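Raw run_39.txt, compact mmCIF, C-alpha atoms and all ligand atoms:
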# COMPACT_ATOMS: atom_id res chain seq x y z
CA MET A 1 -26.38 2.92 7.82
CA ARG A 2 -23.45 3.40 10.14
CA ILE A 3 -21.05 6.06 8.85
CA LEU A 4 -17.47 4.81 9.21
CA ARG A 5 -15.77 7.83 7.68
CA GLU A 6 -17.20 11.33 7.34
CA MET A 7 -16.89 13.32 4.11
CA GLY A 8 -13.78 15.48 4.19
CA GLU A 9 -10.85 17.06 2.46
CA ARG A 10 -7.25 15.98 2.29
CA ARG A 11 -4.32 18.20 1.43
CA VAL A 12 -1.71 16.62 -0.84
CA GLU A 13 1.63 18.40 -0.65
CA ARG A 14 3.58 18.38 -3.92
CA TYR A 15 6.59 20.43 -4.94
CA ALA A 16 8.72 20.55 -8.05
CA LEU A 17 12.35 21.53 -8.52
CA CYS A 18 12.29 23.67 -11.66
CA PHE A 19 14.85 24.60 -14.30
CA ARG A 20 14.19 27.03 -17.15
CA TRP A 21 15.91 26.92 -20.53
CA ARG A 22 18.28 29.84 -21.17
CA ALA A 23 17.82 29.84 -24.95
CA PRO A 24 15.37 32.64 -25.93
CA GLU A 25 13.31 30.33 -28.16
CA ARG A 26 12.69 27.97 -25.22
CA THR A 27 12.19 30.41 -22.32
CA GLY A 28 8.65 29.24 -21.68
CA ALA A 29 9.72 25.64 -21.25
CA ILE A 30 10.45 24.35 -17.77
CA LEU A 31 11.98 21.07 -16.69
CA SER A 32 10.58 20.01 -13.33
CA PHE A 33 11.27 17.16 -10.92
CA PRO A 34 9.27 16.08 -7.85
CA CYS A 35 10.83 17.23 -4.59
CA THR A 36 10.10 18.12 -0.97
CA ALA A 37 9.30 21.68 0.20
CA ASN A 38 13.01 22.26 0.85
CA GLY A 39 14.05 21.01 -2.59
CA THR A 40 15.21 17.47 -1.85
CA VAL A 41 14.46 15.51 -5.02
CA LEU A 42 12.17 12.50 -4.55
CA GLU A 43 14.47 10.03 -6.29
CA GLY A 44 11.96 7.20 -5.95
CA GLU A 45 9.45 9.03 -8.15
CA LEU A 46 11.90 9.58 -11.03
CA LEU A 47 12.13 7.27 -14.01
CA ARG A 48 15.61 6.59 -15.38
CA PRO A 49 15.34 9.18 -18.24
CA GLU A 50 14.13 11.82 -15.78
CA ARG A 51 17.00 11.07 -13.42
CA ALA A 52 19.47 11.45 -16.31
CA ARG A 53 17.82 14.76 -17.31
CA LEU A 54 18.01 16.03 -13.70
CA ASN A 55 21.71 15.14 -13.58
CA ARG A 56 22.25 17.08 -16.82
CA CYS A 57 20.49 20.11 -15.25
CA LEU A 58 22.65 19.89 -12.13
CA ASP A 59 25.97 19.42 -13.95
CA HIS A 60 25.10 22.25 -16.43
CA SER A 61 25.38 20.03 -19.50
CA LEU A 62 21.90 21.32 -20.39
CA ASP A 63 21.59 25.05 -21.02
CA VAL A 64 19.21 25.70 -18.12
CA ARG A 65 19.14 27.84 -15.01
CA PHE A 66 17.58 26.98 -11.64
CA ALA A 67 14.09 28.50 -11.53
CA GLY A 68 13.05 27.67 -7.96
CA ILE A 69 10.76 25.30 -6.15
CA ARG A 70 7.17 25.38 -7.38
CA ASP A 71 4.34 24.57 -4.96
CA GLU A 72 2.02 22.11 -6.74
CA SER A 73 0.01 21.17 -3.63
CA TYR A 74 -3.71 20.55 -3.95
CA THR A 75 -6.76 19.51 -1.94
CA ILE A 76 -8.87 16.49 -2.75
CA TRP A 77 -12.40 15.79 -1.58
CA THR A 78 -12.97 12.43 0.08
CA ALA A 79 -16.40 10.80 0.10
CA ALA A 80 -18.00 9.50 3.27
CA VAL A 81 -18.04 5.72 3.71
CA GLY A 82 -20.85 3.82 5.39
CA GLN A 83 -21.60 0.22 6.22
CA CYS A 84 -24.60 -1.29 4.41
CA GLU A 85 -27.52 -2.29 6.64
CA GLY A 86 -28.25 -5.30 4.45
CA CYS A 87 -24.89 -6.96 3.88
CA ALA A 88 -22.31 -4.98 5.92
CA GLN A 89 -20.30 -4.09 2.79
CA LEU A 90 -18.64 -0.66 2.72
CA VAL A 91 -20.40 1.85 0.44
CA GLU A 92 -18.80 5.11 -0.75
CA LEU A 93 -21.34 7.93 -0.54
CA ARG A 94 -20.31 10.03 -3.55
CA LEU A 95 -23.61 10.61 -5.34
CA ALA A 96 -27.22 11.55 -4.56
CA ARG A 97 -28.03 7.82 -4.80
CA ASN A 98 -25.31 5.30 -3.93
CA HIS A 99 -25.82 1.60 -4.58
CA CYS A 100 -24.51 -1.33 -2.60
CA ARG A 101 -23.77 -4.62 -4.36
CA CYS A 102 -26.69 -6.22 -2.48
CA GLY A 103 -29.15 -3.82 -4.14
CA LEU A 104 -29.82 -1.36 -1.30
CA SER A 105 -29.32 2.36 -1.97
CA TYR A 106 -28.35 5.28 0.24
CA THR A 107 -28.26 9.06 -0.03
CA ALA A 108 -24.98 10.96 0.25
CA ALA A 109 -25.79 11.38 3.95
CA GLY A 110 -26.20 7.60 4.38
CA VAL A 111 -30.01 7.54 4.57
CA ARG A 112 -31.44 4.33 3.09
CA LEU A 113 -33.65 4.83 0.03
CA ASP A 114 -36.59 2.64 -0.87
CA PRO A 115 -36.32 0.90 -4.21
CA PRO A 116 -37.82 3.03 -7.01
CA SER A 117 -41.53 2.32 -7.40
CA VAL A 118 -41.88 3.78 -10.90
CA ILE A 119 -39.92 3.30 -14.12
CA PRO A 120 -37.62 6.33 -14.54
CA MET A 121 -38.63 8.80 -17.27
CA GLY A 122 -36.92 8.33 -20.61
CA ARG A 123 -35.91 4.76 -19.95
CA PRO A 124 -37.47 2.41 -22.52
CA LEU A 125 -39.54 -0.45 -21.23
CA VAL A 126 -37.94 -3.63 -22.59
CA VAL A 127 -40.42 -6.32 -23.58
CA ALA A 128 -39.19 -9.69 -24.76
CA ALA A 129 -40.08 -10.23 -28.41
CA PRO A 130 -41.92 -13.46 -29.23
CA ALA A 131 -39.69 -16.19 -30.61
CA PRO A 132 -39.89 -16.42 -34.43
CA VAL A 133 -41.97 -19.30 -35.69
CA PRO A 134 -40.26 -21.27 -38.48
CA VAL A 135 -42.14 -21.40 -41.78
CA GLY A 136 -44.17 -24.59 -42.02
CA ALA A 137 -44.22 -25.16 -38.27
CA ARG A 138 -47.85 -23.94 -38.00
CA ALA A 139 -49.22 -26.92 -39.80
CA ALA A 140 -48.22 -29.27 -36.97
ZN ZN B 1 -25.41 -4.13 0.93
What does this structure look like when you write it as structure tokens?
Amino acid sequence: MRILREMGERRVERYALCFRWRAPERTGAILSFPCTANGTVLEGELLRPERARLNRCLDHSLDVRFAGIRDESYTIWTAAVGQCEGCAQLVELRLARNHCRCGLSYTAAGVRLDPPSVIPMGRPLVVAAPAPVPVGARAA
């Protein structure tokens, strides 16, 4: 298998503009809105109700105070991708055994596996039951 993309990590940068309620009974609650690292709100990610709520935070019609910009960035793992030797389809190599649509399998490193030669443990062997014979049919 030819590896087209190696396994890796990707950093996703996310920030939130945060406002905290002033009322003592709501001090744990935070209103947050997606923004850039410098606090520019990502308007395209806001639904209409969220945009209205943000405006109410900014014009002080809600009893909140600005609570800063929260870093919500995270790292995601990306699986390697290889090209199947049998059919040239792309196969994501996420698991110990990764299957292509054509039936071939590969390890997470892209090494082709032979088809299993034994029935896996714990998997029942399915045998077709004989078709029922209608009563009276034996006489014929
Ligand atoms: Zn294939």
**Item:** Protein and nucleic acid residues within 9 Å of ligand ZN 1 (chain B) (all atoms listed in the file) as a list in words
**Value:** Gln83, Cys84, Glu85, Gly86, Cys87, Ala88, Gln89, Leu90, Val91, His99, Cys100, Arg101, Cys102, Gly103, Leu104 and Ser105 of chain A
**Request:** Please provide as a PyMOL selection string all residues within 10 Å of A:Glu45, with the sequence filter that same-chain residues fewer than 6 positions apart are discarded (counting only C-alpha atoms).
**Result:** chain A and resi 33-35+51
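Residue nearest A:Ala108 within the list A:Ile69, A:Gly39, A:Ile3, A:Leu54: A:Ile3 [criterion: smallest interatomic distance, all atoms listed in the file].
Using only C-alpha atoms, the nearest neighbour of A:Ala23 within the list A:Arg94, A:Arg65, A:Arg70, A:Arg5 is A:Arg65.
Our summary of the geometry notes that atom CA of A:Val81 is positioned 11.7 Å from atom CA of A:Leu95.
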**Asked** Distance atom CA of A:Met7-atom CA of A:Arg112, one decimal place?
**Response** 17.1 Å
Within 8 Å of A:Leu93 using all atoms listed in the file, minus same-chain residues under 4 positions, as a PDB file with C-alpha atoms, in the frame of the given file:
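Resulting contents of around_39.pdb:
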ATOM      1  CA  ALA A  79     -16.400  10.800   0.100  1.00  0.00           C
ATOM      2  CA  ALA A  80     -18.000   9.500   3.270  1.00  0.00           C
ATOM      3  CA  VAL A  81     -18.040   5.720   3.710  1.00  0.00           C
ATOM      4  CA  GLY A  82     -20.850   3.820   5.390  1.00  0.00           C
ATOM      5  CA  ARG A  97     -28.030   7.820  -4.800  1.00  0.00           C
ATOM      6  CA  ASN A  98     -25.310   5.300  -3.930  1.00  0.00           C
ATOM      7  CA  TYR A 106     -28.350   5.280   0.240  1.00  0.00           C
ATOM      8  CA  THR A 107     -28.260   9.060  -0.030  1.00  0.00           C
ATOM      9  CA  ALA A 108     -24.980  10.960   0.250  1.00  0.00           C
ATOM     10  CA  ALA A 109     -25.790  11.380   3.950  1.00  0.00           C
ATOM     11  CA  GLY A 110     -26.200   7.600   4.380  1.00  0.00           C
TER      12      GLY A 110
END
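Atom CA of A:Tyr74 lies 26.4 Å from atom CA of A:Arg48.
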Around stretch 29-41 of chain A, fit a box with edges along x, y and z, padding it by 3 Å on each side, then list its centre and edge lengths in Å to one decimal as AutoDock Vina command-line options.
--center_x 12.2 --center_y 20.6 --center_z -10.2 --size_x 11.9 --size_y 16.1 --size_z 28.1
**Message:** Give me, as a PyMOL selection string, all polymer residues having an atom no more than 10 Å from A:Arg11, counting only C-alpha atoms and skipping those fewer than 6 positions away in the same chain.
**Reply:** chain A and resi 73-77
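Each of A:Arg2, A:Thr40, A:Asp63, A:Pro134 was compared to A:Arg26 using only C-alpha atoms, and A:Asp63 turns out to be the nearest.
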